[in-house]
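Here is the structure we will look at.
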Amino acid sequence: MELKIHDFQLSILRELLFRPNARFRDLKKVDITNDHFTFHLKQLVKEGLVIKQNKVYSLTDEGKEFANRMDTEALRIERQGKIAVGLHAVRLRNGKTEHLVHQRLKEPFYGWYGSQSGKVRWGENPLDCAKREFREETGLTGKFTLKGIVHYHHFHQDGRLLEDKYFWIYKVENTKGDFMEEVPEGKNIWISEAKYRKLKNVFATFDEVREVLNSKKLLYLDRARFVKSY
């Protein structure tokens with residue numbers, strides 16, 4: 001969950017970006033009482049973003065990373081695109097190719113269909129994330145091949161940007177393990193191409209998925225979606 005930071009606290013973090021070691025009087029650039037300012041300074045110390053040593057304040061390592069994401073002019077935390085993996089598994093069944101589809105049963109996009117996916121954790125590389133997410137969401141393992149990176153913008157029809165995500169897309173083959181049809185986030189379904197094409201509310205059409213999976217080279221694609229609801 002994103003840490004909530006008061007505007008006064010953002011002001012303190014900004015000062016510490018440009019003044020690595022500062023005293024109380026150096027940081028107090030806002031017109032509030034000393035008690036009020038002290039409260040916000042102590043909150044930053046409590047959150048582990050600022051450290052006080054010998055009456056001098058400085059940013060912790062966590063504070064430096066957090067403050068580095070700030071828009072220092074507007075005094076707000078910059079919103080950045082999220083990094084995730086998209087996992088499209090295929091198998092042969094009675095001589096025909098089937099695709100593993102996930103029906104999402106949580107908000108946002110409740111009821112939509114797509115591939116298994118998950119956010120890359122701090123310090124985790126995309127392949128390790130792909131293997132972990134696939135095992136957690138399906139109970140399966142397999143052979144993972146990176147096929148491309150797809151940058152998705154999901155817009156509301158009124159023009160608002162709802163989501164900004166970069167997906168490392170992996171094709172998963174030779175799956176094995178104890179398949180889970182239902183997980184807390186939704187349902188997993190093996191379906192044919194014909195049934196895939198009939199699905200409504202999909203994150204990617206069958207032809208878009210096939211374009212990436214069948215590519216002979218690593219792809220980078222930008223795609224925009226306009227939706228009625230989120």
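Identifiers in the structure tokens: chain A, B, ... in order shown; residue index from 1 per chain; ligand index from 1 in order shown.
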Per DSSP on the backbone, filter region 48-225 of chain A down to the residues in strand (DSSP E) and report them as a ChimeraX atom specification. /A:50-53,56-59,70-71,76-77,82-93,96-104,113-114,116-119,140-156,161-177,182-183,186-192,219-225
Just the residues within 10 Å of region 207-211 of chain A, please, counting only C-alpha atoms, with nothing from its chain fewer than 2 positions along; format it as a PDB file with N, CA and C atoms, in the first residue's frame.
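See around_4.pdb below for the written result:
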```pdb
ATOM      1  N   HIS A  88       1.004 -16.542 -20.257  1.00  0.00           N
ATOM      2  CA  HIS A  88       0.036 -17.202 -21.133  1.00  0.00           C
ATOM      3  C   HIS A  88       0.476 -18.640 -21.373  1.00  0.00           C
ATOM      4  N   GLY A 114      -8.390 -12.843 -18.838  1.00  0.00           N
ATOM      5  CA  GLY A 114      -7.039 -12.578 -19.324  1.00  0.00           C
ATOM      6  C   GLY A 114      -6.092 -13.677 -18.898  1.00  0.00           C
ATOM      7  N   SER A 115      -4.814 -13.425 -19.066  1.00  0.00           N
ATOM      8  CA  SER A 115      -3.795 -14.371 -18.636  1.00  0.00           C
ATOM      9  C   SER A 115      -3.498 -14.171 -17.153  1.00  0.00           C
ATOM     10  N   LYS A 147       8.518 -13.481 -24.350  1.00  0.00           N
ATOM     11  CA  LYS A 147       8.118 -13.185 -25.722  1.00  0.00           C
ATOM     12  C   LYS A 147       8.029 -11.687 -26.024  1.00  0.00           C
ATOM     13  N   ILE A 169       5.780 -10.411 -20.877  1.00  0.00           N
ATOM     14  CA  ILE A 169       4.905 -11.504 -21.305  1.00  0.00           C
ATOM     15  C   ILE A 169       5.707 -12.788 -21.502  1.00  0.00           C
ATOM     16  N   LYS A 171       5.456 -16.949 -22.396  1.00  0.00           N
ATOM     17  CA  LYS A 171       4.725 -18.116 -22.867  1.00  0.00           C
ATOM     18  C   LYS A 171       5.116 -19.284 -21.974  1.00  0.00           C
ATOM     19  N   GLU A 193      -9.263 -22.052 -28.921  1.00  0.00           N
ATOM     20  CA  GLU A 193      -9.233 -20.756 -29.608  1.00  0.00           C
ATOM     21  C   GLU A 193     -10.642 -20.254 -29.897  1.00  0.00           C
ATOM     22  N   ARG A 197     -12.192 -16.680 -28.507  1.00  0.00           N
ATOM     23  CA  ARG A 197     -12.654 -15.587 -29.361  1.00  0.00           C
ATOM     24  C   ARG A 197     -14.062 -15.111 -28.988  1.00  0.00           C
ATOM     25  N   PHE A 203      -8.819  -8.614 -21.461  1.00  0.00           N
ATOM     26  CA  PHE A 203      -7.720  -7.662 -21.390  1.00  0.00           C
ATOM     27  C   PHE A 203      -6.947  -7.615 -22.702  1.00  0.00           C
ATOM     28  N   ALA A 204      -6.896  -8.749 -23.391  1.00  0.00           N
ATOM     29  CA  ALA A 204      -6.239  -8.825 -24.694  1.00  0.00           C
ATOM     30  C   ALA A 204      -7.034  -9.782 -25.568  1.00  0.00           C
ATOM     31  N   THR A 205      -7.265  -9.403 -26.813  1.00  0.00           N
ATOM     32  CA  THR A 205      -7.981 -10.282 -27.726  1.00  0.00           C
ATOM     33  C   THR A 205      -7.102 -11.479 -28.076  1.00  0.00           C
ATOM     34  N   LEU A 213       2.823 -14.285 -28.798  1.00  0.00           N
ATOM     35  CA  LEU A 213       3.298 -15.656 -28.603  1.00  0.00           C
ATOM     36  C   LEU A 213       3.987 -16.226 -29.831  1.00  0.00           C
ATOM     37  N   ASN A 214       3.549 -15.821 -31.015  1.00  0.00           N
ATOM     38  CA  ASN A 214       4.097 -16.385 -32.253  1.00  0.00           C
ATOM     39  C   ASN A 214       5.250 -15.580 -32.831  1.00  0.00           C
ATOM     40  N   SER A 215       5.607 -14.485 -32.178  1.00  0.00           N
ATOM     41  CA  SER A 215       6.675 -13.637 -32.709  1.00  0.00           C
ATOM     42  C   SER A 215       8.014 -14.364 -32.663  1.00  0.00           C
ATOM     43  N   LYS A 216       8.818 -14.197 -33.721  1.00  0.00           N
ATOM     44  CA  LYS A 216      10.141 -14.809 -33.776  1.00  0.00           C
ATOM     45  C   LYS A 216      11.191 -13.967 -33.063  1.00  0.00           C
ATOM     46  N   LEU A 219       9.253  -8.702 -28.674  1.00  0.00           N
ATOM     47  CA  LEU A 219       8.435  -7.563 -29.076  1.00  0.00           C
ATOM     48  C   LEU A 219       8.319  -6.530 -27.961  1.00  0.00           C
ATOM     49  N   ARG A 223      -0.187  -0.432 -26.014  1.00  0.00           N
ATOM     50  CA  ARG A 223      -1.608  -0.641 -26.300  1.00  0.00           C
ATOM     51  C   ARG A 223      -2.467   0.182 -25.354  1.00  0.00           C
TER      52      ARG A 223
END
```
Determine the nearest neighbour of Phe18 (chain A) from the options A:Leu59, A:Ser117, A:Asn188, A:Phe37, counting only C-alpha atoms. A:Leu59
Within 12 Å of region 159-161 of chain A using only C-alpha atoms, minus same-chain residues under 2 positions, as a PyMOL selection string: chain A and resi 79+81+152-157+163-165+224-230
Residue selection dump (C-alpha atoms) as a PDB file, in the first residue's frame:
```pdb
ATOM      1  CA  ARG A  79       2.881   8.224  -9.989  1.00  0.00           C
ATOM      2  CA  GLY A  81       3.784   2.829 -14.320  1.00  0.00           C
ATOM      3  CA  TYR A 152      -0.958  -1.024 -21.348  1.00  0.00           C
ATOM      4  CA  HIS A 153      -2.870   2.200 -20.746  1.00  0.00           C
ATOM      5  CA  HIS A 154      -6.414   1.638 -19.517  1.00  0.00           C
ATOM      6  CA  PHE A 155      -8.548   4.749 -19.964  1.00  0.00           C
ATOM      7  CA  HIS A 156     -12.081   5.430 -18.832  1.00  0.00           C
ATOM      8  CA  GLN A 157     -14.299   6.574 -21.687  1.00  0.00           C
ATOM      9  CA  GLU A 163      -4.039   2.015 -15.110  1.00  0.00           C
ATOM     10  CA  ASP A 164      -0.516   2.269 -16.491  1.00  0.00           C
ATOM     11  CA  LYS A 165       1.298  -1.089 -16.533  1.00  0.00           C
ATOM     12  CA  ALA A 224      -4.447   1.577 -25.119  1.00  0.00           C
ATOM     13  CA  ARG A 225      -7.870   0.425 -23.902  1.00  0.00           C
ATOM     14  CA  PHE A 226     -10.960   2.543 -23.322  1.00  0.00           C
ATOM     15  CA  VAL A 227     -13.434   1.001 -20.884  1.00  0.00           C
ATOM     16  CA  LYS A 228     -16.854   1.920 -19.501  1.00  0.00           C
ATOM     17  CA  SER A 229     -16.139   0.819 -15.952  1.00  0.00           C
ATOM     18  CA  TYR A 230     -13.119  -0.006 -13.816  1.00  0.00           C
TER      19      TYR A 230
END
```
Can you pull out every residue within 8 Å of Lys187 (chain A), counting only C-alpha atoms, but drop anything in the same chain fewer than 5 positions away, and send it as a PDB file with N, CA and C atoms, in the first residue's frame?
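Wrote it out as around_14.pdb, contents follow:
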```
ATOM      1  N   HIS A 102      -7.637 -16.818 -17.230  1.00  0.00           N
ATOM      2  CA  HIS A 102      -8.021 -16.497 -15.851  1.00  0.00           C
ATOM      3  C   HIS A 102      -9.196 -15.528 -15.858  1.00  0.00           C
ATOM      4  N   GLN A 103     -10.286 -15.899 -15.173  1.00  0.00           N
ATOM      5  CA  GLN A 103     -11.401 -14.968 -14.994  1.00  0.00           C
ATOM      6  C   GLN A 103     -11.221 -14.269 -13.652  1.00  0.00           C
ATOM      7  N   ARG A 104     -11.043 -12.970 -13.704  1.00  0.00           N
ATOM      8  CA  ARG A 104     -10.780 -12.178 -12.505  1.00  0.00           C
ATOM      9  C   ARG A 104     -12.068 -11.989 -11.709  1.00  0.00           C
ATOM     10  N   LEU A 105     -12.048 -12.356 -10.432  1.00  0.00           N
ATOM     11  CA  LEU A 105     -13.231 -12.223  -9.586  1.00  0.00           C
ATOM     12  C   LEU A 105     -12.923 -11.325  -8.377  1.00  0.00           C
ATOM     13  N   GLU A 181      -8.335 -24.973 -10.200  1.00  0.00           N
ATOM     14  CA  GLU A 181      -9.360 -24.325 -11.021  1.00  0.00           C
ATOM     15  C   GLU A 181      -9.845 -23.026 -10.393  1.00  0.00           C
ATOM     16  N   GLU A 182      -9.808 -22.951  -9.069  1.00  0.00           N
ATOM     17  CA  GLU A 182     -10.247 -21.738  -8.373  1.00  0.00           C
ATOM     18  C   GLU A 182      -9.187 -21.293  -7.380  1.00  0.00           C
TER      19      GLU A 182
END
```
Would you please extract all helix (DSSP H, G or I) residues from region 6-205 of chain A, as assigned by DSSP on the backbone, and give them as an mmCIF file with C-alpha atoms, in the first residue's frame?
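File out-v3.cif, as written:
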```cif
data_model
loop_
_atom_site.group_PDB
_atom_site.id
_atom_site.type_symbol
_atom_site.label_atom_id
_atom_site.label_comp_id
_atom_site.auth_asym_id
_atom_site.auth_seq_id
_atom_site.Cartn_x
_atom_site.Cartn_y
_atom_site.Cartn_z
ATOM 1 C CA ASP A 7 2.121 18.076 2.517
ATOM 2 C CA PHE A 8 4.175 19.423 5.444
ATOM 3 C CA GLN A 9 6.082 16.131 5.557
ATOM 4 C CA LEU A 10 6.732 16.311 1.811
ATOM 5 C CA SER A 11 8.199 19.764 2.404
ATOM 6 C CA ILE A 12 10.580 18.328 5.007
ATOM 7 C CA LEU A 13 11.647 15.501 2.686
ATOM 8 C CA ARG A 14 12.318 18.001 -0.087
ATOM 9 C CA GLU A 15 14.598 20.043 2.157
ATOM 10 C CA LEU A 16 16.528 16.923 3.154
ATOM 11 C CA LEU A 17 17.068 15.989 -0.493
ATOM 12 C CA PHE A 18 19.122 19.136 -0.957
ATOM 13 C CA PHE A 24 15.195 21.786 13.072
ATOM 14 C CA ARG A 25 15.437 25.478 12.112
ATOM 15 C CA ASP A 26 16.753 24.556 8.651
ATOM 16 C CA LEU A 27 13.774 22.333 7.898
ATOM 17 C CA ASN A 34 6.778 24.519 16.348
ATOM 18 C CA ASP A 35 4.632 21.889 18.059
ATOM 19 C CA HIS A 36 2.741 21.183 14.853
ATOM 20 C CA PHE A 37 5.968 20.988 12.854
ATOM 21 C CA THR A 38 7.581 18.724 15.473
ATOM 22 C CA PHE A 39 4.638 16.324 15.158
ATOM 23 C CA HIS A 40 5.188 15.934 11.402
ATOM 24 C CA LEU A 41 8.947 15.545 11.824
ATOM 25 C CA LYS A 42 8.424 12.803 14.410
ATOM 26 C CA GLN A 43 6.013 11.029 12.039
ATOM 27 C CA LEU A 44 8.731 10.838 9.385
ATOM 28 C CA VAL A 45 11.123 9.408 11.973
ATOM 29 C CA LYS A 46 8.457 6.896 13.043
ATOM 30 C CA ASP A 61 18.063 4.775 2.871
ATOM 31 C CA GLU A 62 14.293 4.207 2.664
ATOM 32 C CA GLY A 63 13.740 7.955 2.897
ATOM 33 C CA LYS A 64 16.167 8.637 0.057
ATOM 34 C CA GLU A 65 14.384 6.153 -2.221
ATOM 35 C CA PHE A 66 10.971 7.558 -1.298
ATOM 36 C CA ALA A 67 11.984 11.219 -1.621
ATOM 37 C CA ASN A 68 13.699 10.525 -4.942
ATOM 38 C CA PRO A 126 10.696 -10.854 -13.938
ATOM 39 C CA LEU A 127 11.454 -14.558 -14.546
ATOM 40 C CA ASP A 128 11.468 -15.400 -10.838
ATOM 41 C CA CYS A 129 8.240 -13.421 -10.489
ATOM 42 C CA ALA A 130 6.700 -15.310 -13.417
ATOM 43 C CA LYS A 131 7.503 -18.704 -11.915
ATOM 44 C CA ARG A 132 6.261 -17.679 -8.463
ATOM 45 C CA GLU A 133 3.023 -16.125 -9.686
ATOM 46 C CA PHE A 134 2.215 -19.039 -11.990
ATOM 47 C CA ARG A 135 2.731 -21.556 -9.202
ATOM 48 C CA GLU A 136 0.695 -19.509 -6.719
ATOM 49 C CA GLU A 137 -2.177 -18.825 -9.122
ATOM 50 C CA THR A 138 -2.431 -22.182 -10.907
ATOM 51 C CA GLU A 193 -9.233 -20.756 -29.608
ATOM 52 C CA ALA A 194 -12.896 -20.749 -30.682
ATOM 53 C CA LYS A 195 -14.118 -20.266 -27.111
ATOM 54 C CA TYR A 196 -11.422 -17.655 -26.425
ATOM 55 C CA ARG A 197 -12.654 -15.587 -29.361
ATOM 56 C CA LYS A 198 -16.194 -15.562 -27.922
#
```
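Picture a line from CA of Phe167 (chain A) to CA of Phe206 (chain A); it runs 16.7 Å.
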Counting only C-alpha atoms, what is within 7 Å of Val150 (chain A), bar same-chain residues fewer than 2 positions away, as a list in words?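 The filter keeps Gly148, Tyr152, Tyr166, Phe167, Trp168, Tyr220, Leu221 and Asp222 of chain A.
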Same residues, C-alpha atoms, saved as a compact mmCIF listing (two decimals), in the first residue's frame:
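Dumped to again.txt:
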```
# COMPACT_ATOMS: atom_id res chain seq x y z
CA GLY A 148 7.76 -9.46 -25.28
CA TYR A 152 -0.96 -1.02 -21.35
CA TYR A 166 4.28 -2.72 -18.22
CA PHE A 167 3.90 -6.48 -18.62
CA TRP A 168 6.79 -8.88 -19.26
CA TYR A 220 7.70 -4.23 -27.45
CA LEU A 221 4.14 -2.97 -27.88
CA ASP A 222 2.12 0.00 -26.61
```
Any idea what the distance is between CA of Asn94 (chain A) and CA of Lys217 (chain A)?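 A separation of 29.2 Å between them.
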Counting only C-alpha atoms, which residue out of A:Phe144, A:Tyr57, A:Trp190, A:Trp122 sits closest to Lys82 (chain A)?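 So, comparing all the options, the nearest one is A:Trp122.
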Do you have the CA of Lys106 (chain A)-CA of Ala89 (chain A) distance handy?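 Separating CA of Lys106 (chain A) from CA of Ala89 (chain A) is a distance of 21.5 Å.
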Would you mind listing what lies within 8 Å of Gly142 (chain A) as a PDB file with C-alpha atoms, in the first residue's frame, with only C-alpha atoms counted and same-chain residues fewer than 2 positions away left out?
```pdb
ATOM      1  CA  LEU A 140       1.583 -25.484 -12.002  1.00  0.00           C
ATOM      2  CA  PHE A 144       8.905 -20.102 -19.480  1.00  0.00           C
ATOM      3  CA  VAL A 172       4.382 -21.140 -20.574  1.00  0.00           C
ATOM      4  CA  GLU A 173       4.616 -24.652 -22.030  1.00  0.00           C
ATOM      5  CA  ASN A 174       5.038 -28.193 -20.720  1.00  0.00           C
ATOM      6  CA  THR A 175       2.911 -27.439 -17.683  1.00  0.00           C
ATOM      7  CA  LYS A 176       2.702 -29.934 -14.848  1.00  0.00           C
TER       8      LYS A 176
END
```
